[in-house]
Amino acid sequence: MTKIKTTTMALAVSTALTAVSVAPALAENWDMPMAYSGSNFHSVTGAEFAECVTTGTGGDISITTHPSGSLFAGADIKRAIQTGQVPIGERLLSGHQNENPIFGIDSIPFLSPSFDDHDKLWNAAKPTMEEILAEQNLTLLYSVPWPPQGLYFNQEVNAVADMEGIKFRSYNNATARLAELTGMLPVQIEAAEISQAFATGVASSMVSSGATGYDRKVWESLSHFYEVDAWLPRNYVMVNSGVWDGTSDANKNVIMGCAKLAEYAGTWRAKEYTGFTLQGLRDGGMNVQPAGDGLMTELRAIGETMTAEWLEAAGDQGKAIVDAYRAAQ
């Protein structure tokens, strides 16, 4: 775990900020709600980002992170930033796909199943995402992907038929639709509630990364993890645009420098964390293995259905993003 959390970020921050001179200003305290546990790599990266900003602005802007949904529940974080209840925060944007299909670009099954593919998809989608967020009084600072998503169960699963009737944790439109197409029963559960939901039988399955399962010790309730590399969802750190407009150019430069470092460090962690957390699931007693060929064939067919549905919902904007991504491959 030490290796995962120890990066060259501190040295890079120091180097990047050496030449930055920030004029004295009235100190501001920014509370930054985050949905995932303090030990999760997204939260660790966010805490380093906060420290970078606090140090780099000479204390003009002091950011305090609030992990585990302790300040706002995950579903409420985006709205809290938009309305100015907090100036900054992190959210899984696919959780808001009902607002705009583009928010679900990172959750299209098997469209971009690897880190390299997903990086190309993100580059194609980012300009449009920034425009949509700007219309909602939000300014994007940085975004970090999760490791590839796999399927968790409390039983052996060899075919879609084996999933019939299983209570499935959903967290966005894509996961709810996946449940419907596989015959499972979707139950909306935020990340902070996962452990309790599995322990009490509210749900007994989910699609998520090894990181989420490891952080929440799901081996206490679940027995199987199937590597299917369905998609790589992304977390986004956003600031209220009114707050951003009122920030000095010098401090904006510091924040954006820290944001670039955080995106780099967070993405590196996601890659490193993939193998580490899968081994952690094994050490906890779970059966971790690639899904069988038959199951993958059925899941990919479902992915094709969901891709077609997303493209129809997202219209010309969505088609342009996917076309640009495919052209870059």
# chains A, B, ... in the order shown; residues from 1 in each chain; ligands from 1
>>> select_by_dssp(residues="segment 92-183 of chain A", states="alpha helix (DSSP H)", output="mmCIF file with N, CA and C atoms, in the first residue's frame")
data_model
loop_
_atom_site.group_PDB
_atom_site.id
_atom_site.type_symbol
_atom_site.label_atom_id
_atom_site.label_comp_id
_atom_site.auth_asym_id
_atom_site.auth_seq_id
_atom_site.Cartn_x
_atom_site.Cartn_y
_atom_site.Cartn_z
ATOM 1 N N PHE A 115 -6.918 1.280 -20.349
ATOM 2 C CA PHE A 115 -6.497 2.631 -19.999
ATOM 3 C C PHE A 115 -6.119 3.438 -21.242
ATOM 4 N N ASP A 116 -5.421 2.826 -22.191
ATOM 5 C CA ASP A 116 -5.018 3.536 -23.403
ATOM 6 C C ASP A 116 -6.233 3.950 -24.227
ATOM 7 N N ASP A 117 -7.172 3.029 -24.396
ATOM 8 C CA ASP A 117 -8.390 3.353 -25.135
ATOM 9 C C ASP A 117 -9.168 4.459 -24.431
ATOM 10 N N HIS A 118 -9.268 4.325 -23.110
ATOM 11 C CA HIS A 118 -10.067 5.285 -22.361
ATOM 12 C C HIS A 118 -9.455 6.688 -22.398
ATOM 13 N N ASP A 119 -8.129 6.768 -22.427
ATOM 14 C CA ASP A 119 -7.472 8.062 -22.534
ATOM 15 C C ASP A 119 -7.857 8.747 -23.846
ATOM 16 N N LYS A 120 -7.943 7.985 -24.918
ATOM 17 C CA LYS A 120 -8.349 8.543 -26.208
ATOM 18 C C LYS A 120 -9.819 8.984 -26.164
ATOM 19 N N LEU A 121 -10.648 8.199 -25.497
ATOM 20 C CA LEU A 121 -12.062 8.568 -25.375
ATOM 21 C C LEU A 121 -12.214 9.862 -24.579
ATOM 22 N N TRP A 122 -11.453 9.977 -23.492
ATOM 23 C CA TRP A 122 -11.517 11.173 -22.667
ATOM 24 C C TRP A 122 -11.066 12.406 -23.448
ATOM 25 N N ASN A 123 -10.004 12.282 -24.221
ATOM 26 C CA ASN A 123 -9.523 13.405 -25.027
ATOM 27 C C ASN A 123 -10.577 13.847 -26.039
ATOM 28 N N ALA A 124 -11.314 12.878 -26.582
ATOM 29 C CA ALA A 124 -12.363 13.210 -27.545
ATOM 30 C C ALA A 124 -13.563 13.871 -26.866
ATOM 31 N N ALA A 125 -13.843 13.470 -25.632
ATOM 32 C CA ALA A 125 -15.050 13.949 -24.936
ATOM 33 C C ALA A 125 -14.821 15.231 -24.141
ATOM 34 N N LYS A 126 -13.598 15.512 -23.733
ATOM 35 C CA LYS A 126 -13.323 16.595 -22.782
ATOM 36 C C LYS A 126 -13.853 17.964 -23.220
ATOM 37 N N PRO A 127 -13.620 18.414 -24.456
ATOM 38 C CA PRO A 127 -14.132 19.746 -24.825
ATOM 39 C C PRO A 127 -15.645 19.870 -24.674
ATOM 40 N N THR A 128 -16.371 18.848 -25.093
ATOM 41 C CA THR A 128 -17.825 18.879 -24.967
ATOM 42 C C THR A 128 -18.240 18.839 -23.504
ATOM 43 N N MET A 129 -17.540 18.019 -22.708
ATOM 44 C CA MET A 129 -17.845 17.934 -21.284
ATOM 45 C C MET A 129 -17.647 19.290 -20.602
ATOM 46 N N GLU A 130 -16.579 19.980 -20.957
ATOM 47 C CA GLU A 130 -16.305 21.288 -20.361
ATOM 48 C C GLU A 130 -17.397 22.295 -20.724
ATOM 49 N N GLU A 131 -17.883 22.240 -21.950
ATOM 50 C CA GLU A 131 -18.953 23.141 -22.379
ATOM 51 C C GLU A 131 -20.234 22.882 -21.587
ATOM 52 N N ILE A 132 -20.577 21.617 -21.415
ATOM 53 C CA ILE A 132 -21.802 21.267 -20.680
ATOM 54 C C ILE A 132 -21.685 21.693 -19.220
ATOM 55 N N LEU A 133 -20.544 21.443 -18.609
ATOM 56 C CA LEU A 133 -20.347 21.844 -17.217
ATOM 57 C C LEU A 133 -20.408 23.360 -17.069
ATOM 58 N N ALA A 134 -19.833 24.091 -18.030
ATOM 59 C CA ALA A 134 -19.852 25.555 -17.972
ATOM 60 C C ALA A 134 -21.289 26.083 -17.970
ATOM 61 N N GLU A 135 -22.154 25.425 -18.730
ATOM 62 C CA GLU A 135 -23.565 25.822 -18.758
ATOM 63 C C GLU A 135 -24.249 25.582 -17.419
ATOM 64 N N ASN A 173 -27.224 5.414 -14.697
ATOM 65 C CA ASN A 173 -28.145 4.856 -15.686
ATOM 66 C C ASN A 173 -27.603 3.583 -16.316
ATOM 67 N N ALA A 174 -26.305 3.570 -16.594
ATOM 68 C CA ALA A 174 -25.712 2.420 -17.271
ATOM 69 C C ALA A 174 -25.802 1.160 -16.419
ATOM 70 N N THR A 175 -25.513 1.278 -15.132
ATOM 71 C CA THR A 175 -25.561 0.100 -14.270
ATOM 72 C C THR A 175 -27.002 -0.379 -14.062
ATOM 73 N N ALA A 176 -27.931 0.564 -13.992
ATOM 74 C CA ALA A 176 -29.337 0.176 -13.866
ATOM 75 C C ALA A 176 -29.803 -0.561 -15.125
ATOM 76 N N ARG A 177 -29.377 -0.060 -16.284
ATOM 77 C CA ARG A 177 -29.763 -0.700 -17.539
ATOM 78 C C ARG A 177 -29.100 -2.067 -17.682
ATOM 79 N N LEU A 178 -27.854 -2.181 -17.259
ATOM 80 C CA LEU A 178 -27.175 -3.472 -17.286
ATOM 81 C C LEU A 178 -27.930 -4.498 -16.452
ATOM 82 N N ALA A 179 -28.405 -4.062 -15.298
ATOM 83 C CA ALA A 179 -29.183 -4.963 -14.446
ATOM 84 C C ALA A 179 -30.443 -5.441 -15.166
ATOM 85 N N GLU A 180 -31.129 -4.501 -15.803
ATOM 86 C CA GLU A 180 -32.364 -4.862 -16.508
ATOM 87 C C GLU A 180 -32.102 -5.877 -17.621
ATOM 88 N N LEU A 181 -31.040 -5.655 -18.385
ATOM 89 C CA LEU A 181 -30.757 -6.509 -19.538
ATOM 90 C C LEU A 181 -30.218 -7.883 -19.142
ATOM 91 N N THR A 182 -29.761 -8.016 -17.908
ATOM 92 C CA THR A 182 -29.273 -9.317 -17.429
ATOM 93 C C THR A 182 -30.279 -10.004 -16.510
#
>>> residues_around(residues="Val228 of chain A", least_positions_apart="2", cutoff="10 Å", atoms="only C-alpha atoms", output="number ranges by chain")
A: 109-110, 113, 148-151, 207, 225-226, 230-231, 289-292, 295-296, 299-300
>>> closest_atom_pairs(of="segment 135-179 of chain A", to="segment 29-47 of chain A", cutoff="10 Å", atoms="only C-alpha atoms", output="tab-separated table")
residue	atom	partner	partner_atom	distance
A:Ser143	CA	A:His42	CA	9.8
A:Val144	CA	A:His42	CA	7.6
A:Pro145	CA	A:His42	CA	9.0
A:Trp146	CA	A:His42	CA	8.5
>>> write_last_selection(atoms="all heavy atoms", output="compact mmCIF listing (two decimals), in the first residue's frame")
# COMPACT_ATOMS: atom_id res chain seq x y z
N SER A 143 -9.68 15.29 -13.90
CA SER A 143 -10.48 14.06 -13.91
C SER A 143 -9.55 12.86 -13.89
O SER A 143 -8.51 12.85 -14.54
CB SER A 143 -11.35 14.02 -15.17
OG SER A 143 -12.06 12.81 -15.25
N VAL A 144 -9.93 11.84 -13.12
CA VAL A 144 -9.11 10.64 -12.96
C VAL A 144 -9.99 9.41 -13.18
O VAL A 144 -11.09 9.32 -12.63
CB VAL A 144 -8.48 10.59 -11.54
CG1 VAL A 144 -7.81 9.25 -11.29
CG2 VAL A 144 -7.48 11.73 -11.36
N PRO A 145 -9.52 8.44 -13.98
CA PRO A 145 -10.32 7.24 -14.21
C PRO A 145 -10.22 6.24 -13.07
O PRO A 145 -9.25 6.24 -12.30
CB PRO A 145 -9.69 6.64 -15.48
CG PRO A 145 -8.24 7.04 -15.37
CD PRO A 145 -8.26 8.42 -14.75
N TRP A 146 -11.22 5.40 -12.97
CA TRP A 146 -11.18 4.22 -12.11
C TRP A 146 -10.52 3.08 -12.88
O TRP A 146 -10.46 3.12 -14.11
CB TRP A 146 -12.59 3.79 -11.72
CG TRP A 146 -13.25 4.65 -10.69
CD1 TRP A 146 -13.99 5.78 -10.93
CD2 TRP A 146 -13.25 4.45 -9.28
NE1 TRP A 146 -14.44 6.29 -9.74
CE2 TRP A 146 -14.00 5.50 -8.71
CE3 TRP A 146 -12.68 3.49 -8.44
CZ2 TRP A 146 -14.21 5.60 -7.34
CZ3 TRP A 146 -12.89 3.60 -7.08
CH2 TRP A 146 -13.64 4.65 -6.53
>>> residues_around(residues="segment 305-311 of chain A", least_positions_apart="4", cutoff="8 Å", atoms="only C-alpha atoms", output="list in words")
Pro101, Ile108, Pro109, Leu111, Ala174, Arg177, Ala301, Gly315, Gly318 and Lys319 of chain A
>>> closest_atom_pairs(of="segment 52-151 of chain A", to="segment 245-258 of chain A", cutoff="10 Å", atoms="only C-alpha atoms", output="Markdown table")
| residue | atom | partner | partner_atom | distance |
| --- | --- | --- | --- | --- |
| A:Cys52 | CA | A:Cys258 | CA | 6.0 |
| A:Val53 | CA | A:Ile255 | CA | 5.7 |
| A:Thr54 | CA | A:Ile255 | CA | 9.2 |
| A:Thr55 | CA | A:Val254 | CA | 9.5 |
| A:Gly56 | CA | A:Val254 | CA | 6.1 |
| A:Thr57 | CA | A:Asn251 | CA | 5.9 |
| A:Gly58 | CA | A:Asn251 | CA | 9.4 |
| A:Asp60 | CA | A:Asn251 | CA | 8.1 |
| A:Ile61 | CA | A:Asn251 | CA | 8.1 |
| A:Thr139 | CA | A:Asp245 | CA | 9.6 |
| A:Leu140 | CA | A:Met256 | CA | 9.9 |
| A:Leu141 | CA | A:Met256 | CA | 6.7 |
| A:Tyr142 | CA | A:Met256 | CA | 8.4 |
>>> select_by_dssp(residues="segment 53-143 of chain A", states="strand (DSSP E or B)", output="list in words")
Ile61, Ser62, Ile63, Thr64, Thr65, His66, Ile88, Gly89, Glu90, Arg91, Leu92, Leu138, Thr139, Leu140, Leu141, Tyr142 and Ser143 of chain A
>>> residues_around(residues="Gly280 of chain A", least_positions_apart="6", cutoff="12 Å", atoms="only C-alpha atoms", output="PDB file with all heavy atoms, in the first residue's frame")
ATOM      1  N   MET A   1       0.824  -1.199   0.000  1.00  0.00           N
ATOM      2  CA  MET A   1       0.000   0.000   0.000  1.00  0.00           C
ATOM      3  C   MET A   1       0.858   1.250   0.000  1.00  0.00           C
ATOM      4  O   MET A   1       0.535   2.257  -0.581  1.00  0.00           O
ATOM      5  CB  MET A   1      -0.905  -0.014   1.251  1.00  0.00           C
ATOM      6  CG  MET A   1      -1.984   1.050   1.225  1.00  0.00           C
ATOM      7  SD  MET A   1      -3.217   0.662  -0.030  1.00  0.00           S
ATOM      8  CE  MET A   1      -4.380   1.968   0.267  1.00  0.00           C
ATOM      9  N   GLY A 210     -11.802  -3.267  -8.807  1.00  0.00           N
ATOM     10  CA  GLY A 210     -11.202  -3.935  -7.665  1.00  0.00           C
ATOM     11  C   GLY A 210     -10.950  -2.966  -6.534  1.00  0.00           C
ATOM     12  O   GLY A 210     -10.980  -3.347  -5.359  1.00  0.00           O
ATOM     13  N   ALA A 211     -10.729  -1.687  -6.880  1.00  0.00           N
ATOM     14  CA  ALA A 211     -10.449  -0.668  -5.863  1.00  0.00           C
ATOM     15  C   ALA A 211     -11.616  -0.501  -4.900  1.00  0.00           C
ATOM     16  O   ALA A 211     -11.436  -0.456  -3.683  1.00  0.00           O
ATOM     17  CB  ALA A 211     -10.113   0.666  -6.536  1.00  0.00           C
ATOM     18  N   THR A 212     -12.831  -0.409  -5.437  1.00  0.00           N
ATOM     19  CA  THR A 212     -14.005  -0.242  -4.579  1.00  0.00           C
ATOM     20  C   THR A 212     -14.189  -1.453  -3.678  1.00  0.00           C
ATOM     21  O   THR A 212     -14.444  -1.322  -2.477  1.00  0.00           O
ATOM     22  CB  THR A 212     -15.263  -0.021  -5.431  1.00  0.00           C
ATOM     23  OG1 THR A 212     -15.097   1.147  -6.227  1.00  0.00           O
ATOM     24  CG2 THR A 212     -16.495   0.159  -4.544  1.00  0.00           C
ATOM     25  N   GLY A 213     -14.072  -2.637  -4.252  1.00  0.00           N
ATOM     26  CA  GLY A 213     -14.239  -3.848  -3.449  1.00  0.00           C
ATOM     27  C   GLY A 213     -13.191  -3.976  -2.372  1.00  0.00           C
ATOM     28  O   GLY A 213     -13.486  -4.386  -1.242  1.00  0.00           O
ATOM     29  N   TYR A 214     -11.957  -3.619  -2.700  1.00  0.00           N
ATOM     30  CA  TYR A 214     -10.867  -3.683  -1.725  1.00  0.00           C
ATOM     31  C   TYR A 214     -11.087  -2.678  -0.597  1.00  0.00           C
ATOM     32  O   TYR A 214     -10.955  -3.014   0.584  1.00  0.00           O
ATOM     33  CB  TYR A 214      -9.536  -3.415  -2.425  1.00  0.00           C
ATOM     34  CG  TYR A 214      -8.352  -3.407  -1.497  1.00  0.00           C
ATOM     35  CD1 TYR A 214      -7.766  -4.597  -1.076  1.00  0.00           C
ATOM     36  CD2 TYR A 214      -7.818  -2.204  -1.028  1.00  0.00           C
ATOM     37  CE1 TYR A 214      -6.678  -4.598  -0.219  1.00  0.00           C
ATOM     38  CE2 TYR A 214      -6.731  -2.193  -0.168  1.00  0.00           C
ATOM     39  CZ  TYR A 214      -6.159  -3.391   0.236  1.00  0.00           C
ATOM     40  OH  TYR A 214      -5.087  -3.381   1.087  1.00  0.00           O
ATOM     41  N   ASP A 215     -11.424  -1.443  -0.962  1.00  0.00           N
ATOM     42  CA  ASP A 215     -11.631  -0.405   0.057  1.00  0.00           C
ATOM     43  C   ASP A 215     -12.751  -0.768   1.016  1.00  0.00           C
ATOM     44  O   ASP A 215     -12.692  -0.453   2.210  1.00  0.00           O
ATOM     45  CB  ASP A 215     -11.953   0.938  -0.611  1.00  0.00           C
ATOM     46  CG  ASP A 215     -10.757   1.543  -1.318  1.00  0.00           C
ATOM     47  OD1 ASP A 215      -9.611   1.159  -0.992  1.00  0.00           O
ATOM     48  OD2 ASP A 215     -10.955   2.396  -2.205  1.00  0.00           O
ATOM     49  N   ARG A 216     -13.782  -1.428   0.494  1.00  0.00           N
ATOM     50  CA  ARG A 216     -14.965  -1.747   1.295  1.00  0.00           C
ATOM     51  C   ARG A 216     -14.947  -3.173   1.857  1.00  0.00           C
ATOM     52  O   ARG A 216     -15.927  -3.621   2.458  1.00  0.00           O
ATOM     53  CB  ARG A 216     -16.235  -1.525   0.456  1.00  0.00           C
ATOM     54  CG  ARG A 216     -16.471  -0.072   0.083  1.00  0.00           C
ATOM     55  CD  ARG A 216     -16.685   0.781   1.314  1.00  0.00           C
ATOM     56  NE  ARG A 216     -16.706   2.207   1.007  1.00  0.00           N
ATOM     57  CZ  ARG A 216     -16.876   3.156   1.927  1.00  0.00           C
ATOM     58  NH1 ARG A 216     -17.016   2.805   3.199  1.00  0.00           N
ATOM     59  NH2 ARG A 216     -16.876   4.427   1.593  1.00  0.00           N
ATOM     60  N   LYS A 217     -13.848  -3.892   1.651  1.00  0.00           N
ATOM     61  CA  LYS A 217     -13.696  -5.254   2.176  1.00  0.00           C
ATOM     62  C   LYS A 217     -14.906  -6.132   1.851  1.00  0.00           C
ATOM     63  O   LYS A 217     -15.466  -6.816   2.711  1.00  0.00           O
ATOM     64  CB  LYS A 217     -13.485  -5.210   3.694  1.00  0.00           C
ATOM     65  CG  LYS A 217     -12.236  -4.449   4.113  1.00  0.00           C
ATOM     66  CD  LYS A 217     -12.072  -4.451   5.625  1.00  0.00           C
ATOM     67  CE  LYS A 217     -10.820  -3.694   6.042  1.00  0.00           C
ATOM     68  NZ  LYS A 217     -10.634  -3.660   7.517  1.00  0.00           N
ATOM     69  N   VAL A 218     -15.285  -6.127   0.582  1.00  0.00           N
ATOM     70  CA  VAL A 218     -16.512  -6.836   0.208  1.00  0.00           C
ATOM     71  C   VAL A 218     -16.382  -8.351   0.328  1.00  0.00           C
ATOM     72  O   VAL A 218     -17.390  -9.067   0.276  1.00  0.00           O
ATOM     73  CB  VAL A 218     -16.960  -6.456  -1.227  1.00  0.00           C
ATOM     74  CG1 VAL A 218     -17.264  -4.980  -1.327  1.00  0.00           C
ATOM     75  CG2 VAL A 218     -15.942  -6.889  -2.258  1.00  0.00           C
ATOM     76  N   TRP A 219     -15.152  -8.844   0.498  1.00  0.00           N
ATOM     77  CA  TRP A 219     -14.986 -10.296   0.691  1.00  0.00           C
ATOM     78  C   TRP A 219     -15.680 -10.777   1.959  1.00  0.00           C
ATOM     79  O   TRP A 219     -15.890 -11.968   2.131  1.00  0.00           O
ATOM     80  CB  TRP A 219     -13.508 -10.671   0.729  1.00  0.00           C
ATOM     81  CG  TRP A 219     -12.701  -9.908   1.749  1.00  0.00           C
ATOM     82  CD1 TRP A 219     -12.607 -10.152   3.084  1.00  0.00           C
ATOM     83  CD2 TRP A 219     -11.875  -8.768   1.494  1.00  0.00           C
ATOM     84  NE1 TRP A 219     -11.785  -9.240   3.691  1.00  0.00           N
ATOM     85  CE2 TRP A 219     -11.312  -8.376   2.731  1.00  0.00           C
ATOM     86  CE3 TRP A 219     -11.551  -8.043   0.344  1.00  0.00           C
ATOM     87  CZ2 TRP A 219     -10.447  -7.288   2.845  1.00  0.00           C
ATOM     88  CZ3 TRP A 219     -10.694  -6.963   0.463  1.00  0.00           C
ATOM     89  CH2 TRP A 219     -10.152  -6.590   1.694  1.00  0.00           C
ATOM     90  N   PHE A 225     -15.272 -12.403  -7.977  1.00  0.00           N
ATOM     91  CA  PHE A 225     -15.041 -11.214  -8.801  1.00  0.00           C
ATOM     92  C   PHE A 225     -14.622 -11.688 -10.184  1.00  0.00           C
ATOM     93  O   PHE A 225     -13.649 -12.421 -10.328  1.00  0.00           O
ATOM     94  CB  PHE A 225     -13.951 -10.317  -8.220  1.00  0.00           C
ATOM     95  CG  PHE A 225     -13.651  -9.103  -9.073  1.00  0.00           C
ATOM     96  CD1 PHE A 225     -14.418  -7.953  -8.958  1.00  0.00           C
ATOM     97  CD2 PHE A 225     -12.609  -9.113  -9.995  1.00  0.00           C
ATOM     98  CE1 PHE A 225     -14.155  -6.838  -9.753  1.00  0.00           C
ATOM     99  CE2 PHE A 225     -12.334  -8.004 -10.792  1.00  0.00           C
ATOM    100  CZ  PHE A 225     -13.108  -6.859 -10.660  1.00  0.00           C
ATOM    101  N   TYR A 273      -3.044   0.532  -8.956  1.00  0.00           N
ATOM    102  CA  TYR A 273      -4.012   0.011  -7.987  1.00  0.00           C
ATOM    103  C   TYR A 273      -4.773  -1.190  -8.540  1.00  0.00           C
ATOM    104  O   TYR A 273      -5.288  -2.007  -7.784  1.00  0.00           O
ATOM    105  CB  TYR A 273      -4.991   1.131  -7.630  1.00  0.00           C
ATOM    106  CG  TYR A 273      -5.445   1.157  -6.191  1.00  0.00           C
ATOM    107  CD1 TYR A 273      -4.558   0.939  -5.146  1.00  0.00           C
ATOM    108  CD2 TYR A 273      -6.772   1.453  -5.866  1.00  0.00           C
ATOM    109  CE1 TYR A 273      -4.971   0.991  -3.832  1.00  0.00           C
ATOM    110  CE2 TYR A 273      -7.187   1.508  -4.552  1.00  0.00           C
ATOM    111  CZ  TYR A 273      -6.294   1.275  -3.533  1.00  0.00           C
ATOM    112  OH  TYR A 273      -6.703   1.334  -2.233  1.00  0.00           O
ATOM    113  N   THR A 274      -4.844  -1.300  -9.857  1.00  0.00           N
ATOM    114  CA  THR A 274      -5.612  -2.386 -10.469  1.00  0.00           C
ATOM    115  C   THR A 274      -5.116  -3.747  -9.993  1.00  0.00           C
ATOM    116  O   THR A 274      -5.874  -4.544  -9.431  1.00  0.00           O
ATOM    117  CB  THR A 274      -5.543  -2.290 -11.997  1.00  0.00           C
ATOM    118  OG1 THR A 274      -6.085  -1.041 -12.421  1.00  0.00           O
ATOM    119  CG2 THR A 274      -6.332  -3.425 -12.644  1.00  0.00           C
ATOM    120  N   MET A 286     -11.582 -14.047  -1.843  1.00  0.00           N
ATOM    121  CA  MET A 286     -12.473 -14.071  -2.995  1.00  0.00           C
ATOM    122  C   MET A 286     -11.870 -14.873  -4.143  1.00  0.00           C
ATOM    123  O   MET A 286     -10.648 -14.958  -4.295  1.00  0.00           O
ATOM    124  CB  MET A 286     -12.783 -12.643  -3.473  1.00  0.00           C
ATOM    125  CG  MET A 286     -13.598 -11.826  -2.495  1.00  0.00           C
ATOM    126  SD  MET A 286     -14.254 -10.315  -3.249  1.00  0.00           S
ATOM    127  CE  MET A 286     -15.555 -10.987  -4.296  1.00  0.00           C
ATOM    128  N   ASN A 287     -12.742 -15.426  -4.952  1.00  0.00           N
ATOM    129  CA  ASN A 287     -12.351 -16.089  -6.191  1.00  0.00           C
ATOM    130  C   ASN A 287     -12.280 -15.010  -7.271  1.00  0.00           C
ATOM    131  O   ASN A 287     -13.304 -14.456  -7.676  1.00  0.00           O
ATOM    132  CB  ASN A 287     -13.385 -17.166  -6.548  1.00  0.00           C
ATOM    133  CG  ASN A 287     -12.995 -17.977  -7.758  1.00  0.00           C
ATOM    134  OD1 ASN A 287     -12.519 -17.435  -8.749  1.00  0.00           O
ATOM    135  ND2 ASN A 287     -13.211 -19.276  -7.688  1.00  0.00           N
ATOM    136  N   VAL A 288     -11.084 -14.684  -7.739  1.00  0.00           N
ATOM    137  CA  VAL A 288     -10.876 -13.628  -8.736  1.00  0.00           C
ATOM    138  C   VAL A 288     -10.387 -14.261 -10.030  1.00  0.00           C
ATOM    139  O   VAL A 288      -9.350 -14.925 -10.045  1.00  0.00           O
ATOM    140  CB  VAL A 288      -9.849 -12.591  -8.229  1.00  0.00           C
ATOM    141  CG1 VAL A 288      -9.594 -11.522  -9.290  1.00  0.00           C
ATOM    142  CG2 VAL A 288     -10.327 -11.955  -6.924  1.00  0.00           C
TER     143      VAL A 288
END
>>> residues_around(residues="segment 191-206 of chain A", least_positions_apart="3", cutoff="6 Å", atoms="only C-alpha atoms", output="NGL selection string")
:A and (68 or 151-153 or 167-169 or 216 or 221)
